[in-house]
Amino acid sequence: MSSAVINATLPRVEHSEKKKRKLPVLSVAKLLDAQQTLTAVERFARQHEADDFPKNKKYYEDLIPLARPKPGEQYAFQVDLDACTGCKACVTACHSLNGLDESELWRTTGLLHGGLPTAPAQQTVTTSCHHCLEPACMHGCPTQAYDKDPITGIVKHLDDQCFGCQYCTLMCPYDAPKYNAKLGIVRKCDMCSSRLAQGEAPACVQACPNQAISIQVVDQETVVQRSDANGFLPGAPTPEHTMPTTLYKSNKPLPTNMLPADFYAARPEHSHFPLVVMLTGTQLAVGAFCLELFVSTLTGKNLGNPLFQAVFGCGLALLALTASFFHLGRPLLAWRAVLGLRTSWMSREVLALGLFAKLALLQAGLRALPLLDGVPFKDELLAIAPTVQIATAVAGLIGVLCSVMVYVATRRAQWSGARTGIKFFGTTTLLGAAAVFAVSQVGTPAGLVTGTSTLLWFVIGASLVKLSFEAAGLLAARQRQNTVFKRMARVTLGDLRHVTTLRFLFGLLGGVALPCLLLATPTNPAVLAVLGLGVLGCVLMGEAAERYLFFRAAPASRMPGGLK
């Protein structure tokens, strides 16, 4: 057969094949309905095929607002819980785009579970910074390293301004800021603001295969009302403190007993060891100055060598404040600590304790004046010594109060004003009395120095109050509900039981047994000096262990986590 004949028959074959093929017949109404149910990706594909927009048009515009927020509005994440599968594509995209370190995560996924035995329920949750209306991280930062954009409402971290104190990680109830030890600073999600400014979706939004995450414009007053009604997310910290803007939505009601998968996990937290040293040391120094002033005023006599007392207290204050530098990721920028004085209790603590250390140094210098000859205005300087002594004690007490408020400001139940106040001011009284007693006995020619028996009673009383208070807290382990205090008691009696044992052992030995022995049988000066130093050493070890437990046994505040 010739090629011409073959070519002539081809159209007839194609026509016959089309007649055999059965095509579905769709009405116009069904086609329009299908058009309305297309996903963002399908709509993008249709537009791309039709070449309806320029080649450089940014992807996924259906998942970000087309207009910037108006006054009283801001950007916010919206999470469709029905679409979230916990695949962690958002976590990977955020990690890759922002160049995070291996263990650094700005977005995480967690798991909620609950329901009834006959109808169990579980829900995966993706979470990141909530760009709150009242960001606790920003208000607590001592260096003003946070900024809330007045137009978009995005809370940004200013990396160059941060000196790595990590206080924002304690202030944020949702565990959004993350400390990067390599860089020595904290970093966090900024909603990929540089991408949003160019009309492009954030990495997590673009990466989600189910479009579970989107960026919306929310009315700030509505966010306030939602926070007042505690309408955030089951298992998450309550929203009334910071008013988070993220909206979690679902077409199916979640059971009221939904809890994070890690809710019953009790594990030790970071110890913040430099802070343990700083808090214990500064409270010892403040207590030493205050108790010496109190007892010397009460008895009308100096306790031992006044110069030795002042130098000892001043040296402790300087050493304790020096220890705090080791908690900073960028200690050379420590001078920035007072920039947040208007809102941050940490800035106020730094200022008050810094003033206390300077006054303590001045007091030590004034007490050394009688040993020096030819000092100008010597009499005038000696005349102001009592005023400086009172000012030192007052500045120190204000510093301890600021230390209390640093942790009260976090709004965590275990760091409430009453609990933290009893611990911090109890340590101030106990260590101060023990220090003044020990120093007063060094070099004493005979017997107990007048007035020091009063200090021993301070040691015994403060020890009994503190140890009883802490022992009562351990009884929370028997509670039926898994409260914050129960989790704290479980960690204290579990993973940290050895530290707990040492805390009570040293507390009873130095705070009760040795002082009672000294009061009952006063002995020769050498033994008194040794026992006095023993009292100080034991109670110091006990209080350092208590302060270690203060951080390590305190349950962290965070969004729902997953099973580990």
# chains A, B, ... in the order shown; residues from 1 in each chain; ligands from 1
call {"tool": "closest_atom_pairs", "arguments": {"of": "range 157-264 of chain A", "to": "range 344-357 of chain A", "cutoff": "12 Å", "atoms": "only C-alpha atoms", "output": "JSON lines"}}
result
{"residue": "A:Cys165", "atom": "CA", "partner": "A:Met346", "partner_atom": "CA", "distance": 9.7}
{"residue": "A:Gln166", "atom": "CA", "partner": "A:Met346", "partner_atom": "CA", "distance": 11.0}
{"residue": "A:Tyr167", "atom": "CA", "partner": "A:Met346", "partner_atom": "CA", "distance": 8.1}
{"residue": "A:Cys168", "atom": "CA", "partner": "A:Ser344", "partner_atom": "CA", "distance": 10.4}
{"residue": "A:Leu170", "atom": "CA", "partner": "A:Met346", "partner_atom": "CA", "distance": 11.8}
{"residue": "A:Met171", "atom": "CA", "partner": "A:Ser344", "partner_atom": "CA", "distance": 10.5}
call {"tool": "residues_around", "arguments": {"residues": "range 60-74 of chain A", "least_positions_apart": "6", "cutoff": "6 Å", "atoms": "only C-alpha atoms", "output": "mmCIF file with C-alpha atoms, in the first residue's frame"}}
result
data_model
loop_
_atom_site.group_PDB
_atom_site.id
_atom_site.type_symbol
_atom_site.label_atom_id
_atom_site.label_comp_id
_atom_site.auth_asym_id
_atom_site.auth_seq_id
_atom_site.Cartn_x
_atom_site.Cartn_y
_atom_site.Cartn_z
ATOM 1 C CA THR A 152 2.427 44.596 60.921
ATOM 2 C CA GLY A 153 2.465 43.697 64.645
ATOM 3 C CA SER A 214 -1.670 30.762 56.620
ATOM 4 C CA ILE A 215 -1.110 34.418 57.423
ATOM 5 C CA GLN A 216 -4.189 36.456 58.258
ATOM 6 C CA VAL A 217 -4.930 40.023 59.267
ATOM 7 C CA VAL A 218 -6.594 39.983 62.696
ATOM 8 C CA ASP A 219 -8.391 42.650 64.668
ATOM 9 C CA GLN A 220 -6.451 43.298 67.871
#
call {"tool": "residues_around", "arguments": {"residues": "Arg478 in chain A", "least_positions_apart": "6", "cutoff": "10 Å", "atoms": "only C-alpha atoms", "output": "PyMOL selection string"}}
result
chain A and resi 486+489-490
call {"tool": "select_by_dssp", "arguments": {"residues": "range 246-467 of chain A", "states": "strand (DSSP E)", "output": "list in words"}}
result
Leu247, Tyr248, Lys249, Leu259 and Pro260 of chain A
call {"tool": "atom_distance", "arguments": {"atom1": "CA of Leu496 in chain A", "atom2": "CA of Tyr264 in chain A"}}
result
17.2 Å
call {"tool": "closest_residue", "arguments": {"among": "A:Leu321, A:Ala76, A:Cys314, A:Ala181", "to": "His130 in chain A", "atoms": "only C-alpha atoms"}}
result
A:Ala76
call {"tool": "atom_distance", "arguments": {"atom1": "CA of Cys208 in chain A", "atom2": "CA of Pro255 in chain A"}}
result
25.6 Å
call {"tool": "closest_residue", "arguments": {"among": "A:Thr126, A:Ser193, A:Thr429, A:Thr280", "to": "Ala544 in chain A", "atoms": "only C-alpha atoms"}}
result
A:Thr280
call {"tool": "residues_around", "arguments": {"residues": "Thr124 in chain A", "least_positions_apart": "6", "cutoff": "7 Å", "atoms": "only C-alpha atoms", "output": "ChimeraX atom specification"}}
result
/A:84-86,109-112
call {"tool": "residues_around", "arguments": {"residues": "Ile185 in chain A", "least_positions_apart": "6", "cutoff": "12 Å", "atoms": "only C-alpha atoms", "output": "ChimeraX atom specification"}}
result
/A:143,145,157-169,177-179,327-331,333
call {"tool": "write_last_selection", "arguments": {"atoms": "N, CA and C atoms", "output": "PDB file, in the first residue's frame"}}
result
ATOM      1  N   THR A 143      17.871  44.660  77.524  1.00  0.00           N
ATOM      2  CA  THR A 143      18.659  45.402  76.532  1.00  0.00           C
ATOM      3  C   THR A 143      17.803  45.980  75.408  1.00  0.00           C
ATOM      4  N   ALA A 145      16.112  44.397  73.149  1.00  0.00           N
ATOM      5  CA  ALA A 145      16.476  43.667  71.937  1.00  0.00           C
ATOM      6  C   ALA A 145      15.256  43.145  71.193  1.00  0.00           C
ATOM      7  N   HIS A 157      13.223  40.097  66.878  1.00  0.00           N
ATOM      8  CA  HIS A 157      14.359  40.113  67.789  1.00  0.00           C
ATOM      9  C   HIS A 157      15.525  40.812  67.108  1.00  0.00           C
ATOM     10  N   LEU A 158      16.130  41.769  67.801  1.00  0.00           N
ATOM     11  CA  LEU A 158      17.255  42.525  67.260  1.00  0.00           C
ATOM     12  C   LEU A 158      18.546  41.855  67.721  1.00  0.00           C
ATOM     13  N   ASP A 159      19.088  41.012  66.861  1.00  0.00           N
ATOM     14  CA  ASP A 159      20.228  40.184  67.246  1.00  0.00           C
ATOM     15  C   ASP A 159      21.421  41.014  67.708  1.00  0.00           C
ATOM     16  N   ASP A 160      21.682  42.125  67.050  1.00  0.00           N
ATOM     17  CA  ASP A 160      22.848  42.936  67.401  1.00  0.00           C
ATOM     18  C   ASP A 160      22.724  43.579  68.774  1.00  0.00           C
ATOM     19  N   GLN A 161      21.498  43.719  69.263  1.00  0.00           N
ATOM     20  CA  GLN A 161      21.261  44.380  70.545  1.00  0.00           C
ATOM     21  C   GLN A 161      21.335  43.398  71.718  1.00  0.00           C
ATOM     22  N   CYS A 162      21.215  42.112  71.428  1.00  0.00           N
ATOM     23  CA  CYS A 162      21.120  41.078  72.468  1.00  0.00           C
ATOM     24  C   CYS A 162      22.495  40.773  73.056  1.00  0.00           C
ATOM     25  N   PHE A 163      22.546  40.549  74.386  1.00  0.00           N
ATOM     26  CA  PHE A 163      23.801  40.125  74.999  1.00  0.00           C
ATOM     27  C   PHE A 163      23.694  38.735  75.625  1.00  0.00           C
ATOM     28  N   GLY A 164      22.598  38.023  75.329  1.00  0.00           N
ATOM     29  CA  GLY A 164      22.501  36.619  75.670  1.00  0.00           C
ATOM     30  C   GLY A 164      22.214  36.300  77.114  1.00  0.00           C
ATOM     31  N   CYS A 165      21.411  37.132  77.805  1.00  0.00           N
ATOM     32  CA  CYS A 165      21.082  36.834  79.202  1.00  0.00           C
ATOM     33  C   CYS A 165      20.040  35.725  79.326  1.00  0.00           C
ATOM     34  N   GLN A 166      19.299  35.465  78.261  1.00  0.00           N
ATOM     35  CA  GLN A 166      18.297  34.383  78.184  1.00  0.00           C
ATOM     36  C   GLN A 166      17.071  34.626  79.057  1.00  0.00           C
ATOM     37  N   TYR A 167      16.902  35.843  79.563  1.00  0.00           N
ATOM     38  CA  TYR A 167      15.745  36.110  80.421  1.00  0.00           C
ATOM     39  C   TYR A 167      14.442  35.989  79.638  1.00  0.00           C
ATOM     40  N   CYS A 168      14.478  36.332  78.349  1.00  0.00           N
ATOM     41  CA  CYS A 168      13.253  36.239  77.541  1.00  0.00           C
ATOM     42  C   CYS A 168      12.775  34.795  77.420  1.00  0.00           C
ATOM     43  N   THR A 169      13.697  33.819  77.495  1.00  0.00           N
ATOM     44  CA  THR A 169      13.279  32.419  77.420  1.00  0.00           C
ATOM     45  C   THR A 169      12.497  32.011  78.660  1.00  0.00           C
ATOM     46  N   PRO A 177      11.369  32.139  72.079  1.00  0.00           N
ATOM     47  CA  PRO A 177      12.782  32.504  71.879  1.00  0.00           C
ATOM     48  C   PRO A 177      13.694  31.315  72.181  1.00  0.00           C
ATOM     49  N   LYS A 178      14.709  31.132  71.350  1.00  0.00           N
ATOM     50  CA  LYS A 178      15.642  30.020  71.527  1.00  0.00           C
ATOM     51  C   LYS A 178      17.063  30.565  71.662  1.00  0.00           C
ATOM     52  N   TYR A 179      17.782  30.067  72.652  1.00  0.00           N
ATOM     53  CA  TYR A 179      19.157  30.520  72.869  1.00  0.00           C
ATOM     54  C   TYR A 179      20.107  29.742  71.975  1.00  0.00           C
ATOM     55  N   HIS A 327      26.979  34.053  82.771  1.00  0.00           N
ATOM     56  CA  HIS A 327      25.675  33.636  82.260  1.00  0.00           C
ATOM     57  C   HIS A 327      25.351  34.325  80.939  1.00  0.00           C
ATOM     58  N   LEU A 328      26.119  35.332  80.573  1.00  0.00           N
ATOM     59  CA  LEU A 328      25.852  36.093  79.358  1.00  0.00           C
ATOM     60  C   LEU A 328      26.560  35.457  78.172  1.00  0.00           C
ATOM     61  N   GLY A 329      25.873  35.395  77.047  1.00  0.00           N
ATOM     62  CA  GLY A 329      26.500  34.901  75.831  1.00  0.00           C
ATOM     63  C   GLY A 329      27.493  35.887  75.260  1.00  0.00           C
ATOM     64  N   ARG A 330      27.271  37.183  75.516  1.00  0.00           N
ATOM     65  CA  ARG A 330      28.182  38.237  75.034  1.00  0.00           C
ATOM     66  C   ARG A 330      28.476  39.175  76.206  1.00  0.00           C
ATOM     67  N   PRO A 331      29.357  38.751  77.132  1.00  0.00           N
ATOM     68  CA  PRO A 331      29.576  39.513  78.371  1.00  0.00           C
ATOM     69  C   PRO A 331      30.166  40.898  78.144  1.00  0.00           C
ATOM     70  N   LEU A 333      29.084  43.090  76.351  1.00  0.00           N
ATOM     71  CA  LEU A 333      27.978  44.033  76.180  1.00  0.00           C
ATOM     72  C   LEU A 333      27.135  44.148  77.450  1.00  0.00           C
TER      73      LEU A 333
END
call {"tool": "atom_distance", "arguments": {"atom1": "CA of Gly562 in chain A", "atom2": "CA of Ala261 in chain A"}}
result
5.3 Å
call {"tool": "decode", "arguments": {"residues": "range 404-416 of chain A", "atoms": "N, CA and C atoms", "output": "PDB file, in the first residue's frame"}}
result
ATOM      1  N   VAL A 404      13.627  39.025  93.438  1.00  0.00           N
ATOM      2  CA  VAL A 404      12.354  38.314  93.585  1.00  0.00           C
ATOM      3  C   VAL A 404      11.437  38.618  92.403  1.00  0.00           C
ATOM      4  N   MET A 405      11.325  39.897  92.052  1.00  0.00           N
ATOM      5  CA  MET A 405      10.403  40.305  90.999  1.00  0.00           C
ATOM      6  C   MET A 405      10.843  39.827  89.617  1.00  0.00           C
ATOM      7  N   VAL A 406      12.133  39.602  89.429  1.00  0.00           N
ATOM      8  CA  VAL A 406      12.608  39.053  88.154  1.00  0.00           C
ATOM      9  C   VAL A 406      11.888  37.747  87.837  1.00  0.00           C
ATOM     10  N   TYR A 407      11.646  36.936  88.845  1.00  0.00           N
ATOM     11  CA  TYR A 407      11.005  35.627  88.627  1.00  0.00           C
ATOM     12  C   TYR A 407       9.496  35.696  88.801  1.00  0.00           C
ATOM     13  N   VAL A 408       9.030  36.594  89.650  1.00  0.00           N
ATOM     14  CA  VAL A 408       7.577  36.779  89.767  1.00  0.00           C
ATOM     15  C   VAL A 408       7.000  37.259  88.440  1.00  0.00           C
ATOM     16  N   ALA A 409       7.766  38.095  87.713  1.00  0.00           N
ATOM     17  CA  ALA A 409       7.298  38.648  86.445  1.00  0.00           C
ATOM     18  C   ALA A 409       7.057  37.592  85.380  1.00  0.00           C
ATOM     19  N   THR A 410       7.612  36.395  85.544  1.00  0.00           N
ATOM     20  CA  THR A 410       7.392  35.331  84.559  1.00  0.00           C
ATOM     21  C   THR A 410       5.987  34.741  84.640  1.00  0.00           C
ATOM     22  N   ARG A 411       5.269  35.044  85.715  1.00  0.00           N
ATOM     23  CA  ARG A 411       3.897  34.557  85.937  1.00  0.00           C
ATOM     24  C   ARG A 411       3.821  33.030  86.082  1.00  0.00           C
ATOM     25  N   ARG A 412       4.890  32.403  86.495  1.00  0.00           N
ATOM     26  CA  ARG A 412       4.862  30.957  86.702  1.00  0.00           C
ATOM     27  C   ARG A 412       4.476  30.666  88.148  1.00  0.00           C
ATOM     28  N   ALA A 413       3.607  29.673  88.333  1.00  0.00           N
ATOM     29  CA  ALA A 413       3.066  29.393  89.666  1.00  0.00           C
ATOM     30  C   ALA A 413       4.161  29.053  90.658  1.00  0.00           C
ATOM     31  N   GLN A 414       5.184  28.319  90.220  1.00  0.00           N
ATOM     32  CA  GLN A 414       6.236  27.909  91.150  1.00  0.00           C
ATOM     33  C   GLN A 414       7.130  29.065  91.557  1.00  0.00           C
ATOM     34  N   TRP A 415       7.045  30.186  90.841  1.00  0.00           N
ATOM     35  CA  TRP A 415       7.844  31.365  91.160  1.00  0.00           C
ATOM     36  C   TRP A 415       6.944  32.525  91.574  1.00  0.00           C
ATOM     37  N   SER A 416       5.918  32.234  92.305  1.00  0.00           N
ATOM     38  CA  SER A 416       5.006  33.278  92.773  1.00  0.00           C
ATOM     39  C   SER A 416       5.732  34.193  93.760  1.00  0.00           C
TER      40      SER A 416
END
